[in-house]
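So this block is query-v1.txt, compact mmCIF, C-alpha atoms:
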# COMPACT_ATOMS: atom_id res chain seq x y z
CA ALA Q 1 -48.83 25.84 -54.01
CA THR Q 2 -48.44 24.79 -50.37
CA GLU Q 3 -44.64 24.78 -50.63
CA GLU Q 4 -44.69 28.21 -52.25
CA ILE Q 5 -46.80 29.54 -49.37
CA LYS Q 6 -44.31 28.11 -46.86
CA GLN Q 7 -41.39 29.73 -48.68
CA ASN Q 8 -43.19 33.07 -48.75
CA CYS Q 9 -43.86 32.79 -45.00
CA ARG Q 10 -40.21 32.02 -44.28
CA ARG Q 11 -39.13 34.95 -46.45
CA ALA Q 12 -41.54 37.26 -44.66
CA THR Q 13 -40.23 36.05 -41.29
CA ARG Q 14 -36.63 36.76 -42.29
CA LEU Q 15 -37.54 40.20 -43.59
CA SER Q 16 -39.44 40.95 -40.37
CA ALA Q 17 -36.45 39.91 -38.26
CA LEU Q 18 -34.12 42.01 -40.43
CA ALA Q 19 -36.40 45.02 -40.11
CA ALA Q 20 -36.50 44.59 -36.33
CA ALA Q 21 -32.70 44.44 -36.23
CA PHE Q 22 -32.42 47.64 -38.27
CA ARG Q 23 -34.93 49.37 -35.99
CA ALA Q 24 -32.90 48.30 -32.94
CA ILE Q 25 -29.68 49.61 -34.52
CA ALA Q 26 -31.37 52.89 -35.40
CA ALA Q 27 -32.75 53.23 -31.86
CA MET Q 28 -29.30 52.60 -30.37
CA ALA Q 29 -27.73 55.16 -32.71
CA SER Q 30 -30.36 57.71 -31.71
CA ALA Q 31 -29.83 56.99 -28.00
CA ARG Q 32 -26.07 57.32 -28.48
CA ARG Q 33 -26.54 60.77 -30.04
CA LEU Q 34 -28.80 61.80 -27.19
CA GLY Q 35 -26.47 60.30 -24.58
CA SER Q 36 -29.07 58.01 -23.02
CA LEU Q 37 -28.20 54.46 -23.97
CA PHE Q 38 -30.16 51.83 -22.02
CA GLY Q 39 -32.21 54.60 -20.45
CA LEU Q 40 -29.24 56.07 -18.55
CA PRO Q 41 -28.79 59.82 -19.12
CA GLY Q 42 -25.18 60.62 -19.93
CA LEU Q 43 -24.38 57.20 -21.37
CA GLY Q 44 -23.44 57.64 -25.00
CA ARG Q 45 -19.83 56.51 -25.30
CA ALA Q 46 -17.72 53.80 -23.72
CA ALA Q 47 -15.83 56.37 -21.65
CA ASP Q 48 -19.09 57.50 -20.05
CA CYS Q 49 -19.44 54.20 -18.16
CA GLU Q 50 -16.65 54.93 -15.68
CA VAL Q 51 -17.71 58.56 -15.28
CA LEU Q 52 -21.25 57.55 -14.37
CA ALA Q 53 -20.11 54.78 -12.03
CA ARG Q 54 -17.81 57.15 -10.12
CA ALA Q 55 -20.52 59.79 -9.93
CA ALA Q 56 -22.96 57.23 -8.52
CA SER Q 57 -20.37 56.08 -6.00
CA SER Q 58 -19.80 59.66 -4.84
CA ARG Q 59 -23.53 60.24 -4.52
CA CYS Q 60 -23.88 57.04 -2.49
CA ARG Q 61 -21.16 58.14 -0.09
CA ALA Q 62 -22.99 61.40 0.49
CA LEU Q 63 -26.30 59.63 1.11
CA ALA Q 64 -24.73 57.07 3.44
CA ALA Q 65 -23.13 59.91 5.38
CA ARG Q 66 -26.57 61.49 5.62
CA VAL Q 67 -27.98 58.28 7.10
CA VAL Q 68 -25.27 58.20 9.76
CA SER Q 69 -25.64 61.91 10.52
CA ALA Q 70 -29.42 61.66 10.89
CA HIS Q 71 -29.11 58.66 13.18
CA ARG Q 72 -26.55 60.37 15.41
CA ALA Q 73 -28.60 63.58 15.59
CA GLY Q 74 -31.51 61.72 17.19
CA THR Q 75 -34.08 64.39 16.32
CA ALA Q 76 -37.82 63.92 15.82
CA GLN Q 77 -37.27 63.74 12.06
CA SER Q 78 -34.29 61.38 12.18
CA ALA Q 79 -36.31 58.27 11.33
CA ARG Q 80 -37.79 59.81 8.19
CA GLN Q 81 -34.40 61.21 7.16
CA VAL Q 82 -32.75 57.81 7.56
CA VAL Q 83 -35.37 56.04 5.45
CA ALA Q 84 -35.38 58.77 2.79
CA ALA Q 85 -31.59 58.70 2.47
CA LEU Q 86 -31.48 54.92 2.18
CA ASP Q 87 -34.24 55.02 -0.40
CA GLY Q 88 -32.32 57.62 -2.39
CA LEU Q 89 -29.14 55.60 -2.11
CA SER Q 90 -30.92 52.52 -3.41
CA ALA Q 91 -32.44 54.42 -6.34
CA THR Q 92 -29.08 55.99 -7.21
CA VAL Q 93 -27.30 52.68 -7.52
CA CYS Q 94 -30.17 50.91 -9.27
CA SER Q 95 -30.31 53.66 -11.88
CA VAL Q 96 -26.67 53.07 -12.83
CA LEU Q 97 -25.94 49.41 -12.11
CA ASP Q 98 -28.94 48.05 -14.01
CA PRO Q 99 -28.08 49.85 -17.29
CA LEU Q 100 -24.40 48.91 -16.91
CA GLU Q 101 -25.40 45.29 -16.41
CA LEU Q 102 -27.44 45.45 -19.60
CA ALA Q 103 -24.72 47.25 -21.52
CA ARG Q 104 -22.00 44.78 -20.58
CA SER Q 105 -24.26 41.88 -21.53
CA VAL Q 106 -25.79 42.97 -24.84
CA HIS Q 107 -23.91 45.93 -26.34
CA PRO Q 108 -22.60 44.85 -29.77
CA GLU Q 109 -19.33 46.79 -29.51
CA ARG Q 110 -16.68 44.91 -27.60
CA GLU Q 111 -14.99 48.09 -26.34
CA PHE Q 112 -18.25 49.44 -24.96
CA ALA Q 113 -19.21 46.15 -23.32
CA ALA Q 114 -15.76 45.95 -21.70
CA ALA Q 115 -16.04 49.52 -20.41
CA ALA Q 116 -19.48 48.80 -18.97
CA ASP Q 117 -18.16 45.66 -17.30
CA ALA Q 118 -15.23 47.54 -15.75
CA ALA Q 119 -17.52 50.33 -14.53
CA TYR Q 120 -19.95 47.79 -13.09
CA ALA Q 121 -17.10 46.13 -11.20
CA LEU Q 122 -15.79 49.50 -10.02
CA LEU Q 123 -19.11 50.50 -8.51
CA ALA Q 124 -19.61 47.03 -7.05
CA GLU Q 125 -16.18 47.15 -5.42
CA ASP Q 126 -17.13 50.40 -3.69
CA LEU Q 127 -20.39 48.93 -2.46
CA HIS Q 128 -20.12 45.24 -1.73
CA HIS Q 129 -18.61 45.53 1.77
CA LEU Q 130 -21.28 47.92 2.99
CA ASN Q 131 -24.22 45.54 2.99
CA THR Q 132 -22.85 44.42 6.36
CA SER Q 133 -22.49 47.91 7.84
CA SER Q 134 -23.36 47.71 11.52
CA GLU Q 135 -23.83 51.47 11.78
CA LEU Q 136 -26.26 51.69 8.88
CA HIS Q 137 -28.06 48.66 10.29
CA ALA Q 138 -28.29 50.42 13.65
CA ALA Q 139 -29.65 53.54 11.96
CA VAL Q 140 -32.53 51.79 10.21
CA LYS Q 141 -33.27 49.65 13.27
CA ALA Q 142 -33.53 52.78 15.42
CA ALA Q 143 -35.72 54.41 12.80
CA ILE Q 144 -38.19 51.54 13.10
CA GLU Q 145 -38.12 51.44 16.88
CA LYS Q 146 -38.26 55.20 17.51
CA GLY Q 147 -40.14 56.39 14.46
CA ALA Q 148 -43.45 54.63 14.94
CA CYS Q 149 -45.23 57.98 15.31
CA THR Q 150 -43.40 59.80 12.51
CA LEU Q 151 -43.04 57.19 9.76
CA SER Q 152 -45.90 56.61 7.36
CA THR Q 153 -47.09 53.07 6.67
CA ASP Q 154 -45.10 52.97 3.44
CA GLU Q 155 -41.99 54.29 5.18
CA GLN Q 156 -42.31 51.67 7.91
CA GLN Q 157 -42.61 48.90 5.32
CA LEU Q 158 -39.60 50.25 3.45
CA ALA Q 159 -37.55 50.49 6.64
CA ARG Q 160 -38.41 46.90 7.56
CA ALA Q 161 -37.39 45.76 4.10
CA PHE Q 162 -34.04 47.50 4.52
CA LEU Q 163 -33.57 45.97 7.97
CA ALA Q 164 -34.37 42.48 6.70
CA GLU Q 165 -31.80 42.84 3.91
CA PHE Q 166 -29.15 44.10 6.32
CA GLU Q 167 -29.69 41.20 8.69
CA GLN Q 168 -29.80 38.67 5.87
CA ASP Q 169 -26.22 39.70 5.16
CA GLY Q 170 -25.17 39.67 8.79
CA ALA Q 171 -25.00 43.38 9.59
CA HIS Q 172 -26.23 42.59 13.10
CA LEU Q 173 -23.41 40.09 13.72
CA GLU Q 174 -20.06 40.70 15.40
CA GLY Q 175 -17.15 41.69 13.19
CA SER Q 176 -15.57 38.26 12.67
CA SER Q 177 -18.92 36.61 12.02
CA ARG Q 178 -19.86 39.33 9.54
CA HIS Q 179 -16.56 38.84 7.75
CA GLN Q 180 -17.00 35.08 7.50
CA LEU Q 181 -20.53 35.48 6.13
CA GLN Q 182 -19.34 38.05 3.63
CA VAL Q 183 -16.57 35.78 2.39
CA ARG Q 184 -19.02 32.91 1.92
CA ARG Q 185 -21.42 35.11 0.00
CA VAL Q 186 -18.70 36.55 -2.24
CA CYS Q 187 -17.48 33.02 -3.05
CA ALA Q 188 -21.03 31.85 -3.77
CA ALA Q 189 -21.66 34.87 -6.00
CA ALA Q 190 -18.41 34.28 -7.88
CA ARG Q 191 -19.38 30.64 -8.46
CA ARG Q 192 -22.65 31.85 -9.97
CA GLY Q 193 -20.68 34.11 -12.31
CA ARG Q 194 -21.66 37.35 -10.60
CA ALA Q 195 -18.07 38.57 -10.17
CA GLY Q 196 -18.47 38.67 -6.40
CA LEU Q 197 -21.06 41.43 -6.45
CA ILE Q 198 -23.14 41.53 -3.32
CA CYS Q 199 -25.31 44.57 -2.99
CA LEU Q 200 -28.70 45.33 -1.57
CA SER Q 201 -31.64 47.46 -2.56
CA VAL Q 202 -35.39 47.41 -2.75
CA CYS Q 203 -35.25 46.80 -6.49
CA THR Q 204 -32.06 44.75 -6.72
CA SER Q 205 -31.38 44.71 -2.92
CA LEU Q 206 -30.42 47.60 -0.62
CA PHE Q 207 -27.37 49.53 -1.81
CA LEU Q 208 -24.80 50.76 0.64
CA CYS Q 209 -21.55 52.57 0.05
CA LEU Q 210 -18.21 52.83 1.80
CA ILE Q 211 -17.67 55.98 3.85
CA PRO Q 212 -15.17 56.75 6.61
CA GLY Q 213 -16.45 55.72 10.01
CA VAL Q 214 -19.07 53.26 8.76
CA THR Q 215 -18.34 49.70 9.85
Take the structure from the file and write it as structure tokens.
Amino acid sequence: ATEEIKQNCRRATRLSALAAAFRAIAAMASARRLGSLFGLPGLGRAADCEVLARAASSRCRALAARVVSAHRAGTAQSARQVVAALDGLSATVCSVLDPLELARSVHPEREFAAAADAAYALLAEDLHHLNTSSELHAAVKAAIEKGACTLSTDEQQLARAFLAEFEQDGAHLEGSSRHQLQVRRVCAAARRGRAGLICLSVCTSLFLCLIPGVT
């Protein structure tokens, strides 16, 4: 009787696992139809990966340009505009890179996983140099120093978090020193199997993007 109970338990466990697998497949099929795989609107087919990565990259360029423009304007609202644009930039990249990371790691279709991996690398390539941007570093540093009366407590904390991430990656260093630090970090990331991705954000580090005139 004891052995029969054990067999019944094992059978029930297998059936439960099989049911869970079918539910996961059904959920993925539903998300594919709705175009929101892994919680990313617009992601339903393999080809969508590159489209979404390029759209995020374009959005990041616009937000980074906004940071630079606000900093150069030097108005009373510049500090808040700088922090808001960096926060939006961070959220934009997080919303795309995180689902692509998941898709390339767990999607059962090889073509889809490969497309997600390529899109992930594409977006990373556009971003990984910018975590050492001296101009974006200068913008957030000025926002902290000059925006004490305009930034809320939360905005000040966010700005300091951005500044700390910039300086961790050497954005405050001279050009050659920044380059050497960047090379070391890329090599270290590659050794850890991260394909050389170095990006920042509040949720996965601070994300920066390449725009003309930002060094």
>> Let me make sure I understand: among Q:Leu130, Q:Leu163, Q:Ala119, Q:Ala142, which one has the smallest atom-to-atom distance to Q:Ala55 if we use only C-alpha atoms?
In response: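 Using only C-alpha atoms, the shortest distance to Q:Ala55 belongs to Q:Ala119.
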>> Restricting the calculation to all atoms listed in the file: of Q:Val183, Q:Ala143, Q:Leu136, Q:Leu100, which residue gets closest to Q:Ser36?
In response: Q:Leu100
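Atom CA of Q:Gly88 to atom CA of Q:Arg104 spans 24.5 Å [interatomic distance, one decimal].
A straight line drawn from atom CA of Q:Asp169 to atom CA of Q:Glu135 is 13.7 Å long.
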>> as a ChimeraX atom specification, please: the residues near Q:Glu101 (cut-off 12 Å, all atoms listed in the file, same-chain neighbours under 5 positions excluded).
In response: /Q:38,40,49,53,93-96,106-107,112-121,123-124,194-195,197,204
> Suppose you want the space between atom CA of Q:Ser78 and atom CA of Q:Thr132; what is it in Å?
Replying inline: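 If I compute the distance from atom CA of Q:Ser78 to atom CA of Q:Thr132, I get 21.3 Å.
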> Nearest to Q:Glu145: which of Q:Ala79, Q:Leu173, Q:Ala103, Q:Leu158 is it, counting all atoms listed in the file?
Replying inline: Q:Ala79
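Between Q:Ser57 and the candidates Q:Leu102, Q:Leu37, Q:Leu89, Q:Leu181, the tightest atom-to-atom separation, counting all atoms listed in the file, involves Q:Leu89.
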> With distances taken over all atoms listed in the file, which of Q:Gln77, Q:Ser58, Q:Ser177, Q:Gln168 is nearest to Q:Ala148?
Replying inline: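 Ranking Q:Gln77, Q:Ser58, Q:Ser177, Q:Gln168 by distance to Q:Ala148, first place goes to Q:Gln77.
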Let me have the centre and edge lengths in Å, one decimal, of the box along x, y and z around every listed atom of stretch 95-107 of chain Q with 4 Å of margin on each side, as JSON.
{"center_x": -26.2, "center_y": 47.8, "center_z": -19.1, "size_x": 16.3, "size_y": 19.8, "size_z": 22.5}
> So which one's closest to Q:Arg80, Q:Glu165, Q:Glu50, Q:Leu127, Q:Val67? Using all atoms listed in the file, please.
Replying inline: Q:Val67
